[in-house]
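Raw contents of input-v2.txt, compact mmCIF, C-alpha atoms and all ligand atoms:
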```txt
# COMPACT_ATOMS: atom_id res chain seq x y z
CA MET A 568 -38.36 -103.18 17.69
CA SER A 569 -36.68 -106.23 16.23
CA LYS A 570 -39.15 -109.07 15.93
CA ASN A 571 -36.61 -111.16 17.85
CA SER A 572 -36.44 -108.72 20.73
CA SER A 573 -38.81 -107.89 23.57
CA ARG A 574 -37.73 -104.27 23.77
CA PRO A 575 -36.68 -101.68 21.19
CA VAL A 576 -32.90 -101.40 21.24
CA GLY A 577 -31.20 -98.12 20.37
CA ARG A 578 -32.92 -95.13 18.79
CA HIS A 579 -35.93 -95.38 16.55
CA PHE A 580 -35.15 -94.41 12.94
CA LEU A 581 -37.79 -91.74 12.34
CA HIS A 582 -37.72 -91.32 8.58
CA ILE A 583 -41.22 -90.02 7.99
CA PRO A 584 -41.18 -86.59 6.28
CA GLY A 585 -42.07 -84.84 9.52
CA PRO A 586 -42.40 -84.62 12.39
CA THR A 587 -38.62 -84.92 12.29
CA PRO A 588 -36.17 -86.02 15.01
CA LEU A 589 -35.76 -83.32 17.67
CA PRO A 590 -32.22 -82.14 18.36
CA ASP A 591 -31.34 -82.64 22.04
CA ARG A 592 -30.62 -78.90 22.21
CA VAL A 593 -34.22 -78.09 21.27
CA LEU A 594 -35.51 -80.61 23.81
CA ARG A 595 -33.31 -79.10 26.52
CA ALA A 596 -34.45 -75.58 25.59
CA MET A 597 -38.06 -76.67 26.07
CA ASP A 598 -37.33 -78.44 29.36
CA THR A 599 -37.63 -75.31 31.45
CA PRO A 600 -40.08 -73.95 34.04
CA ILE A 601 -43.22 -72.25 32.74
CA ILE A 602 -42.95 -68.47 32.75
CA ASP A 603 -45.66 -65.82 32.98
CA HIS A 604 -46.90 -65.23 29.43
CA ARG A 605 -47.69 -61.61 30.33
CA GLY A 606 -44.33 -60.95 31.97
CA PRO A 607 -41.09 -59.32 30.77
CA GLU A 608 -39.18 -62.60 30.36
CA PHE A 609 -41.86 -63.83 27.97
CA ALA A 610 -41.83 -60.60 25.95
CA LYS A 611 -38.07 -61.01 25.45
CA LEU A 612 -38.54 -64.60 24.25
CA ALA A 613 -41.43 -63.67 21.94
CA LYS A 614 -39.54 -60.78 20.41
CA HIS A 615 -36.55 -63.03 19.72
CA CYS A 616 -38.85 -65.53 17.99
CA LEU A 617 -40.93 -62.96 16.08
CA GLY A 618 -37.76 -61.26 14.82
CA GLY A 619 -35.83 -64.47 14.15
CA ILE A 620 -38.56 -66.25 12.22
CA LYS A 621 -38.53 -63.44 9.63
CA THR A 622 -34.96 -64.41 8.74
CA ILE A 623 -36.12 -67.97 8.02
CA PHE A 624 -38.96 -66.85 5.71
CA LYS A 625 -36.68 -64.11 4.31
CA THR A 626 -39.15 -61.32 4.90
CA THR A 627 -39.05 -57.94 6.59
CA ASN A 628 -42.81 -58.03 7.20
CA PRO A 629 -44.43 -59.54 10.32
CA VAL A 630 -44.80 -63.32 10.57
CA ILE A 631 -47.81 -64.57 12.53
CA ILE A 632 -47.07 -67.48 14.89
CA TYR A 633 -50.07 -69.73 15.62
CA THR A 634 -50.54 -72.31 18.34
CA ALA A 635 -51.87 -74.76 15.78
CA THR A 636 -50.64 -77.36 13.31
CA GLY A 637 -50.04 -76.45 9.69
CA THR A 638 -53.69 -77.04 8.83
CA GLY A 639 -54.57 -74.04 10.98
CA ALA A 640 -52.13 -71.80 9.12
CA TRP A 641 -53.72 -72.97 5.81
CA GLU A 642 -57.08 -71.82 7.12
CA ALA A 643 -55.64 -68.55 8.42
CA ALA A 644 -54.22 -67.68 4.98
CA LEU A 645 -57.62 -68.16 3.35
CA VAL A 646 -59.96 -66.63 5.93
CA ASN A 647 -57.88 -63.51 6.48
CA THR A 648 -57.81 -62.50 2.83
CA LEU A 649 -60.78 -63.92 0.95
CA SER A 650 -64.58 -63.66 0.84
CA PRO A 651 -67.35 -66.25 0.35
CA GLY A 652 -67.63 -67.40 -3.27
CA ASP A 653 -64.16 -66.20 -4.26
CA ARG A 654 -62.49 -68.23 -7.00
CA VAL A 655 -59.06 -69.62 -6.13
CA LEU A 656 -56.61 -71.48 -8.36
CA MET A 657 -54.94 -74.55 -6.86
CA VAL A 658 -52.77 -77.33 -8.31
CA GLU A 659 -53.45 -80.98 -7.56
CA THR A 660 -49.88 -81.99 -6.81
CA GLY A 661 -50.95 -84.69 -4.33
CA GLN A 662 -52.70 -85.43 -1.05
CA PHE A 663 -51.88 -82.21 0.79
CA ALA A 664 -52.90 -80.00 -2.14
CA THR A 665 -56.16 -81.96 -2.23
CA LEU A 666 -56.72 -81.39 1.50
CA TRP A 667 -56.13 -77.63 1.13
CA LYS A 668 -58.60 -77.55 -1.78
CA THR A 669 -61.21 -79.45 0.29
CA MET A 670 -60.72 -76.90 3.06
CA ALA A 671 -61.27 -74.05 0.57
CA GLU A 672 -64.54 -75.67 -0.52
CA LYS A 673 -65.69 -76.09 3.09
CA LEU A 674 -64.98 -72.40 3.70
CA GLY A 675 -67.28 -71.43 0.83
CA LEU A 676 -64.58 -70.62 -1.72
CA ARG A 677 -64.65 -71.89 -5.31
CA PRO A 678 -61.37 -73.69 -6.04
CA GLU A 679 -60.31 -74.48 -9.60
CA PHE A 680 -57.95 -77.44 -9.63
CA ILE A 681 -55.21 -77.91 -12.21
CA LYS A 682 -54.79 -81.69 -12.46
CA THR A 683 -51.51 -83.60 -12.43
CA ASP A 684 -50.73 -87.31 -12.17
CA TRP A 685 -49.24 -86.59 -8.69
CA ARG A 686 -45.76 -87.26 -10.09
CA ILE A 687 -44.64 -83.68 -10.80
CA GLY A 688 -44.82 -80.29 -9.07
CA ALA A 689 -46.90 -77.30 -10.13
CA ASP A 690 -46.12 -76.27 -13.71
CA PRO A 691 -45.76 -72.47 -14.11
CA ALA A 692 -46.92 -72.63 -17.75
CA ALA A 693 -50.19 -74.35 -16.77
CA ILE A 694 -50.82 -71.68 -14.11
CA GLU A 695 -50.10 -68.87 -16.58
CA ASP A 696 -52.40 -70.43 -19.16
CA HIS A 697 -55.24 -70.78 -16.62
CA LEU A 698 -54.85 -67.18 -15.45
CA ARG A 699 -54.76 -65.83 -19.01
CA ARG A 700 -58.13 -67.47 -19.62
CA ASP A 701 -59.56 -65.59 -16.62
CA LYS A 702 -60.29 -62.53 -18.77
CA ASN A 703 -62.21 -60.65 -16.06
CA LYS A 704 -59.50 -61.31 -13.47
CA GLU A 705 -61.95 -62.90 -11.07
CA ILE A 706 -59.54 -65.42 -9.53
CA LYS A 707 -58.53 -63.98 -6.17
CA ALA A 708 -55.67 -66.25 -5.16
CA VAL A 709 -53.24 -68.83 -6.53
CA CYS A 710 -52.37 -71.48 -3.92
CA VAL A 711 -49.38 -73.77 -4.41
CA LEU A 712 -47.45 -76.20 -2.25
CA HIS A 713 -43.71 -75.55 -2.42
CA ASN A 714 -43.08 -79.17 -1.48
CA GLU A 715 -45.82 -81.77 -1.88
CA THR A 716 -44.96 -84.03 1.04
CA SER A 717 -47.20 -86.85 -0.13
CA THR A 718 -45.28 -87.45 -3.36
CA GLY A 719 -41.86 -85.78 -2.98
CA CYS A 720 -42.27 -83.12 -5.68
CA LEU A 721 -41.02 -79.53 -5.33
CA SER A 722 -42.64 -76.63 -7.21
CA PRO A 723 -40.64 -73.69 -8.65
CA ILE A 724 -42.05 -70.75 -6.68
CA ALA A 725 -39.99 -67.96 -8.29
CA GLU A 726 -41.04 -69.22 -11.74
CA ILE A 727 -44.69 -69.39 -10.71
CA ARG A 728 -44.45 -65.78 -9.53
CA LYS A 729 -43.13 -64.87 -13.00
CA ALA A 730 -45.97 -66.82 -14.63
CA ILE A 731 -48.60 -64.91 -12.61
CA ASP A 732 -46.93 -61.63 -13.61
CA ALA A 733 -46.64 -62.72 -17.26
CA ALA A 734 -50.40 -63.32 -17.30
CA GLY A 735 -50.84 -59.79 -15.92
CA HIS A 736 -53.02 -61.24 -13.19
CA PRO A 737 -53.61 -59.46 -9.84
CA ALA A 738 -54.39 -62.64 -7.81
CA LEU A 739 -52.77 -63.07 -4.42
CA PHE A 740 -50.09 -65.78 -4.28
CA PHE A 741 -50.17 -68.25 -1.36
CA VAL A 742 -47.43 -70.84 -0.82
CA ASP A 743 -47.37 -73.77 1.60
CA THR A 744 -43.77 -74.34 2.78
CA ILE A 745 -44.64 -76.79 5.55
CA SER A 746 -42.18 -79.44 4.32
CA SER A 747 -39.63 -77.15 2.64
CA LEU A 748 -39.02 -74.24 5.03
CA ALA A 749 -35.56 -74.25 6.63
CA SER A 750 -34.60 -77.15 4.35
CA THR A 751 -34.30 -75.54 0.93
CA ASP A 752 -34.01 -72.00 -0.41
CA TYR A 753 -37.14 -69.92 0.14
CA ARG A 754 -37.58 -66.15 -0.21
CA HIS A 755 -40.97 -64.76 0.77
CA ASP A 756 -40.24 -61.13 -0.14
CA GLU A 757 -38.00 -61.59 -3.17
CA TRP A 758 -40.34 -64.13 -4.77
CA GLY A 759 -43.36 -61.90 -4.27
CA VAL A 760 -45.39 -64.33 -2.18
CA ASP A 761 -48.41 -62.85 -0.38
CA VAL A 762 -48.96 -65.45 2.32
CA THR A 763 -46.43 -68.14 3.11
CA VAL A 764 -47.75 -70.95 5.28
CA GLY A 765 -45.17 -72.75 7.44
CA GLY A 766 -45.09 -75.44 10.10
CA ALA A 767 -42.82 -76.22 13.04
CA GLN A 768 -42.38 -79.97 12.86
CA LYS A 769 -40.18 -80.41 9.80
CA GLY A 770 -37.20 -78.22 8.82
CA LEU A 771 -37.57 -76.19 12.02
CA MET A 772 -36.89 -79.36 14.05
CA LEU A 773 -39.67 -78.71 16.59
CA PRO A 774 -42.58 -80.81 17.81
CA PRO A 775 -45.88 -80.46 15.92
CA GLY A 776 -48.27 -77.77 17.14
CA MET A 777 -46.96 -74.45 15.83
CA SER A 778 -47.49 -72.86 12.42
CA PHE A 779 -46.93 -69.59 10.61
CA ASN A 780 -48.26 -67.03 8.14
CA ALA A 781 -45.68 -64.70 6.57
CA VAL A 782 -47.74 -61.87 5.11
CA SER A 783 -47.07 -59.29 2.37
CA ASP A 784 -48.40 -55.71 2.36
CA LYS A 785 -50.76 -56.72 -0.45
CA ALA A 786 -52.22 -59.50 1.70
CA PHE A 787 -52.59 -57.15 4.68
CA ALA A 788 -54.48 -54.78 2.35
CA ALA A 789 -56.72 -57.65 1.15
CA ALA A 790 -57.45 -58.51 4.79
CA LYS A 791 -59.18 -55.15 5.22
CA SER A 792 -62.00 -56.15 2.85
CA SER A 793 -62.04 -59.94 3.43
CA GLN A 794 -65.49 -61.19 4.44
CA LEU A 795 -64.81 -64.79 5.52
CA THR A 796 -65.55 -65.39 9.20
CA LYS A 797 -62.49 -65.43 11.44
CA SER A 798 -61.75 -65.08 15.11
CA PHE A 799 -58.85 -67.19 16.39
CA TRP A 800 -57.05 -66.77 13.05
CA ALA A 801 -57.51 -62.98 12.73
CA TRP A 802 -54.20 -61.30 11.91
CA ASP A 803 -55.10 -57.86 13.32
CA ASP A 804 -55.61 -58.97 16.95
CA MET A 805 -52.38 -60.93 16.80
CA LEU A 806 -50.32 -58.09 15.28
CA ALA A 807 -51.49 -55.61 17.87
CA MET A 808 -50.38 -57.86 20.73
CA ASN A 809 -47.17 -59.06 19.01
CA LYS A 810 -45.99 -55.46 18.75
CA ILE A 811 -45.55 -55.41 22.53
CA GLY A 812 -44.18 -58.99 22.73
CA PHE A 813 -47.42 -60.75 23.67
CA PHE A 814 -50.20 -62.87 22.17
CA PRO A 815 -53.98 -62.38 22.32
CA TYR A 816 -54.28 -65.73 24.12
CA THR A 817 -52.07 -68.08 26.16
CA PRO A 818 -49.32 -68.99 23.70
CA ALA A 819 -47.39 -72.26 23.55
CA THR A 820 -44.53 -70.99 25.70
CA GLN A 821 -42.46 -74.19 25.57
CA MET A 822 -42.71 -74.26 21.77
CA LEU A 823 -41.41 -70.70 21.67
CA HIS A 824 -38.41 -71.74 23.79
CA GLY A 825 -37.81 -74.49 21.23
CA LEU A 826 -38.28 -72.11 18.30
CA SER A 827 -35.80 -69.67 19.76
CA ALA A 828 -33.21 -72.49 19.99
CA SER A 829 -33.96 -73.81 16.51
CA ILE A 830 -33.60 -70.39 14.86
CA THR A 831 -30.25 -69.94 16.62
CA MET A 832 -29.11 -73.41 15.51
CA LEU A 833 -30.14 -72.85 11.88
CA HIS A 834 -28.10 -69.64 11.76
CA GLU A 835 -25.13 -71.26 13.51
CA GLU A 836 -25.07 -73.90 10.79
CA GLY A 837 -25.81 -71.23 8.17
CA LEU A 838 -28.96 -71.43 6.05
CA GLU A 839 -26.95 -72.08 2.88
CA ASN A 840 -25.25 -75.03 4.61
CA VAL A 841 -28.62 -76.32 5.84
CA PHE A 842 -29.91 -76.24 2.25
CA ALA A 843 -26.74 -77.89 0.87
CA ARG A 844 -26.99 -80.66 3.47
CA HIS A 845 -30.61 -81.38 2.52
CA HIS A 846 -29.64 -81.37 -1.17
CA ARG A 847 -26.85 -83.90 -0.51
CA LEU A 848 -29.03 -86.23 1.53
CA ALA A 849 -31.80 -86.13 -1.08
CA GLU A 850 -29.42 -86.84 -3.95
CA ALA A 851 -27.80 -89.70 -2.02
CA THR A 852 -31.24 -91.20 -1.39
CA ARG A 853 -32.22 -90.97 -5.05
CA ARG A 854 -28.94 -92.66 -6.06
CA ALA A 855 -29.68 -95.50 -3.67
CA VAL A 856 -33.19 -95.91 -5.10
CA ARG A 857 -31.90 -95.97 -8.68
CA ALA A 858 -29.18 -98.48 -7.78
CA TRP A 859 -31.85 -100.72 -6.26
CA GLY A 860 -33.58 -100.56 -9.64
CA LEU A 861 -36.69 -99.04 -8.05
CA GLU A 862 -38.64 -96.08 -9.38
CA ILE A 863 -38.77 -92.62 -7.81
CA MET A 864 -42.34 -91.34 -7.61
CA CYS A 865 -41.31 -87.86 -8.85
CA ARG A 866 -40.91 -88.53 -12.56
CA ASP A 867 -39.19 -85.31 -13.65
CA ALA A 868 -35.82 -84.37 -12.13
CA LYS A 869 -36.64 -80.65 -12.19
CA TYR A 870 -39.26 -81.25 -9.49
CA TYR A 871 -37.16 -83.47 -7.17
CA SER A 872 -37.82 -82.82 -3.50
CA PRO A 873 -34.92 -81.98 -1.20
CA THR A 874 -36.77 -83.33 1.85
CA VAL A 875 -38.62 -86.53 0.94
CA THR A 876 -38.23 -89.29 -1.65
CA ALA A 877 -41.19 -91.51 -2.47
CA VAL A 878 -40.18 -94.98 -3.72
CA LEU A 879 -42.54 -97.02 -5.88
CA LEU A 880 -42.48 -100.77 -5.30
CA PRO A 881 -42.83 -103.20 -8.21
CA ASP A 882 -46.40 -104.25 -9.09
CA GLY A 883 -47.76 -106.90 -6.80
CA HIS A 884 -45.78 -105.71 -3.77
CA ASP A 885 -47.69 -103.82 -1.08
CA ALA A 886 -45.76 -100.79 0.19
CA ASP A 887 -47.83 -100.63 3.39
CA ALA A 888 -46.96 -104.24 4.21
CA PHE A 889 -43.31 -103.38 3.52
CA ARG A 890 -43.45 -100.39 5.91
CA HIS A 891 -44.95 -102.51 8.67
CA PHE A 892 -42.36 -105.21 8.07
CA ALA A 893 -39.47 -102.72 8.26
CA LEU A 894 -40.88 -101.21 11.46
CA ASP A 895 -41.27 -104.61 13.13
CA THR A 896 -37.89 -105.86 12.00
CA PHE A 897 -35.62 -102.83 12.14
CA ASN A 898 -37.46 -100.13 14.14
CA ILE A 899 -37.70 -97.66 11.25
CA SER A 900 -40.70 -95.52 10.25
CA TYR A 901 -41.29 -94.41 6.66
CA GLY A 902 -44.06 -92.20 5.32
CA SER A 903 -47.15 -93.87 3.87
CA SER A 904 -48.78 -93.56 0.44
CA PHE A 905 -52.06 -91.81 -0.41
CA GLY A 906 -55.10 -91.73 -2.68
CA ARG A 907 -54.86 -93.51 -6.00
CA TYR A 908 -51.32 -94.61 -5.09
CA ALA A 909 -52.29 -96.17 -1.75
CA GLY A 910 -50.06 -99.20 -1.12
CA LYS A 911 -47.83 -98.43 -4.11
CA TYR A 912 -45.01 -96.40 -2.56
CA PHE A 913 -43.30 -95.59 0.71
CA ARG A 914 -41.59 -92.30 1.51
CA ILE A 915 -38.14 -91.78 2.98
CA GLY A 916 -37.96 -88.49 4.86
CA HIS A 917 -34.49 -86.87 4.88
CA LEU A 918 -35.18 -83.51 6.50
CA GLY A 919 -34.57 -81.70 9.73
CA ASP A 920 -31.76 -82.62 12.10
CA VAL A 921 -30.47 -85.46 9.90
CA ASN A 922 -26.83 -86.08 8.98
CA GLU A 923 -24.98 -88.37 6.59
CA GLY A 924 -24.59 -91.17 9.14
CA MET A 925 -28.28 -91.18 10.02
CA LEU A 926 -29.22 -91.32 6.34
CA ALA A 927 -26.68 -94.05 5.59
CA GLY A 928 -28.16 -96.05 8.47
CA ALA A 929 -31.69 -95.58 7.15
CA LEU A 930 -30.68 -96.61 3.63
CA ALA A 931 -28.83 -99.67 4.97
CA ILE A 932 -31.93 -100.67 6.91
CA THR A 933 -34.02 -100.15 3.79
CA GLU A 934 -31.73 -102.38 1.71
CA MET A 935 -31.87 -105.10 4.38
CA ALA A 936 -35.65 -104.81 4.63
CA LEU A 937 -36.09 -105.00 0.85
CA ALA A 938 -34.04 -108.20 0.80
CA LEU A 939 -35.81 -109.82 3.74
CA ALA A 940 -39.26 -108.81 2.50
CA GLY A 941 -38.57 -110.39 -0.88
CA ILE A 942 -39.00 -107.15 -2.87
CA PRO A 943 -37.24 -107.57 -6.25
CA HIS A 944 -34.30 -105.16 -6.30
CA LYS A 945 -30.57 -104.99 -7.00
CA LYS A 946 -27.91 -104.72 -4.32
CA GLY A 947 -25.65 -101.68 -4.10
CA GLY A 948 -28.01 -98.84 -3.19
CA VAL A 949 -26.20 -98.05 0.04
CA GLN A 950 -22.84 -98.16 -1.76
CA ALA A 951 -24.12 -95.73 -4.43
CA ALA A 952 -25.34 -93.33 -1.73
CA ILE A 953 -22.08 -93.54 0.21
CA ASP A 954 -19.99 -93.03 -2.93
CA TYR A 955 -21.96 -89.86 -3.64
CA LEU A 956 -21.69 -88.61 -0.05
CA ILE A 957 -17.91 -89.11 -0.12
CA ALA A 958 -17.65 -87.23 -3.43
CA ALA A 959 -19.91 -84.48 -2.08
CA GLN A 960 -17.62 -83.95 0.93
CA ALA A 961 -14.57 -83.91 -1.32
CA SER A 962 -16.11 -81.49 -3.82
CA PRO A 963 -19.11 -79.58 -2.42
CA ALA A 964 -19.46 -77.37 -5.52
CA GLN A 965 -19.74 -80.41 -7.79
CA ALA A 966 -22.31 -81.98 -5.42
CA ALA A 967 -24.41 -78.82 -5.39
CA ALA A 968 -24.58 -78.88 -9.20
CA GLU A 969 -25.86 -82.49 -9.30
N1 LIG B 1001 -49.11 -79.09 4.04
C1 LIG B 1001 -48.08 -79.93 3.89
C2 LIG B 1001 -47.17 -79.76 2.70
C3 LIG B 1001 -47.84 -80.95 4.81
O1 LIG B 1001 -46.82 -81.79 4.65
C4 LIG B 1001 -48.72 -81.06 5.93
C5 LIG B 1001 -48.50 -82.12 6.93
O2 LIG B 1001 -47.62 -82.92 6.84
C6 LIG B 1001 -49.77 -80.17 6.04
C7 LIG B 1001 -49.93 -79.18 5.09
C8 LIG B 1001 -50.71 -80.24 7.20
O3 LIG B 1001 -50.01 -79.86 8.34
P1 LIG B 1001 -50.40 -80.40 9.80
O4 LIG B 1001 -50.44 -81.88 9.71
O5 LIG B 1001 -49.28 -79.86 10.65
O6 LIG B 1001 -51.71 -79.79 10.14
```

Before anything else, please render the file you have as structure tokens.
Amino acid sequence: MSKNSSRPVGRHFLHIPGPTPLPDRVLRAMDTPIIDHRGPEFAKLAKHCLGGIKTIFKTTNPVIIYTATGTGAWEAALVNTLSPGDRVLMVETGQFATLWKTMAEKLGLRPEFIKTDWRIGADPAAIEDHLRRDKNKEIKAVCVLHNETSTGCLSPIAEIRKAIDAAGHPALFFVDTISSLASTDYRHDEWGVDVTVGGAQKGLMLPPGMSFNAVSDKAFAAAKSSQLTKSFWAWDDMLAMNKIGFFPYTPATQMLHGLSASITMLHEEGLENVFARHHRLAEATRRAVRAWGLEIMCRDAKYYSPTVTAVLLPDGHDADAFRHFALDTFNISYGSSFGRYAGKYFRIGHLGDVNEGMLAGALAITEMALALAGIPHKKGGVQAAIDYLIAAQASPAQAAAE
């Protein structure tokens, strides 16, 4: 809401890195009468979702759909496969990696945390080195975030798979794709991931409240001997019911209507086009940030996130105050900062049902807010982004390479 106005005018600019703006088509698909979750109409819907979601994770194995936020799917990955006291290797890429590690501790696992300065993704060489030092092969799982939403750093999953193999280590490989799925290339089967954790509220363009486990045969085998306590999260109950198109409990029917629509929409656009669009929007955002003379939190280009860009403000300028100012003045929401970087950066989300015009609007608002808030910066960020977006339309192959 403009500080000069008594009511918010126009649409809110939701540029947090999820939940993302809902396409009207998803909203309409959810705006439908409740159906019997044990009836034939439901089974048809569930089968469409259970089949379709595999194409998003790129797996031929079952994908478990939970009525829970992403945090639930984190827990499900751990409790279905591991036993009390198991050692797990995790990488401290940022706030969400830290939360997953804290969860592992609370569940009675023994996480080992590879440190970073929160400004890069997970380094395959560091993982390989750690695993090589585990001479007795006691580490049971390697857990990595594909995209660390708190910092805007992407980790190279195929390379990490190769690093685990190069170390000759039998650990399971778990990947969190909550802020990367359906936004950038991801291949559960081909990349040899054992459990992929996903969430609904980002690239899938759905409300929060649904999450996923894509599961390999190796992980299903590990589940047979896993000793951690589980009930709601248990894969076996779910699989048995899913086979006939049902769930062991009352599922989130309206979310499934939305999921069915979102899977259809993603394939209508074409996954490759979805990924190229996210790449373009991310690159345009980074060009704007550089033109402003501000620093991108991710300090190594090979880890740049396709879905969120964290922007460091100059010393002495509070990023939280800036976010509040931009919200009050221009009705835009950015993501906040975390941990040791609290107050130092804000995050621009550019994922989900976002197009060039929406991003250009968000960057224009950001440039106006920087000026009005007295943050030292140069003009021309919006122009740099627009120049790139024009060039990207004219020459998509060139844009993809940048
Ligand atoms: N992992 C990542 C990478 C996230 O971005 C989030 C939330 O944003 C989570 C896990 C936790 O998911 P949720 O908030 O849906 O429980």

Taking 2 positions as the minimum chain separation for residues in the same chain, which residues sit within 6 Å of region 947-952 of chain A when counting only C-alpha atoms? Answer as a compact mmCIF listing (two decimals) with C-alpha atoms, in the coordinates of the input.
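What landed in around.txt:
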```txt
# COMPACT_ATOMS: atom_id res chain seq x y z
CA ALA A 851 -27.80 -89.70 -2.02
CA ARG A 854 -28.94 -92.66 -6.06
CA ALA A 855 -29.68 -95.50 -3.67
CA ALA A 858 -29.18 -98.48 -7.78
CA TRP A 859 -31.85 -100.72 -6.26
CA LEU A 930 -30.68 -96.61 3.63
CA ALA A 931 -28.83 -99.67 4.97
CA ASP A 954 -19.99 -93.03 -2.93
CA TYR A 955 -21.96 -89.86 -3.64
```

Please check which protein, DNA or RNA residues sit within 7 Å of ligand LIG 1001 (chain B), counting all atoms listed in the file, and write them as a JSON list (two decimals) with C-alpha atoms, in the coordinates of the input.
```json
[["chain", "number", "residue", "atom", "x", "y", "z"],
["A", 585, "GLY", "CA", -42.07, -84.84, 9.52],
["A", 636, "THR", "CA", -50.64, -77.36, 13.31],
["A", 637, "GLY", "CA", -50.04, -76.45, 9.69],
["A", 638, "THR", "CA", -53.69, -77.04, 8.83],
["A", 639, "GLY", "CA", -54.57, -74.04, 10.98],
["A", 663, "PHE", "CA", -51.88, -82.21, 0.79],
["A", 712, "LEU", "CA", -47.45, -76.20, -2.25],
["A", 714, "ASN", "CA", -43.08, -79.17, -1.48],
["A", 715, "GLU", "CA", -45.82, -81.77, -1.88],
["A", 716, "THR", "CA", -44.96, -84.03, 1.04],
["A", 717, "SER", "CA", -47.20, -86.85, -0.13],
["A", 743, "ASP", "CA", -47.37, -73.77, 1.60],
["A", 744, "THR", "CA", -43.77, -74.34, 2.78],
["A", 745, "ILE", "CA", -44.64, -76.79, 5.55],
["A", 746, "SER", "CA", -42.18, -79.44, 4.32],
["A", 766, "GLY", "CA", -45.09, -75.44, 10.10],
["A", 775, "PRO", "CA", -45.88, -80.46, 15.92],
["A", 776, "GLY", "CA", -48.27, -77.77, 17.14]]
```

Worksheet item: For Ala692 (chain A), which residue out of A:Lys707, A:His604, A:Arg728, A:Lys668 is the nearest one, using only C-alpha atoms?
Response: A:Arg728

Worksheet item: If you measure from CA of Pro607 (chain A) to CA of Asp591 (chain A), what distance in Å do you get, rounded to one decimal?
Response: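 If I compute the distance from CA of Pro607 (chain A) to CA of Asp591 (chain A), I get 26.7 Å.
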
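Note that CA of Asn922 (chain A) and CA of Arg857 (chain A) are 20.9 Å apart.
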
Worksheet item: A:Gln960, A:Val764, A:Thr634, A:Asp701: which is nearest Met805 (chain A), counting all atoms listed in the file?
Response: A:Thr634
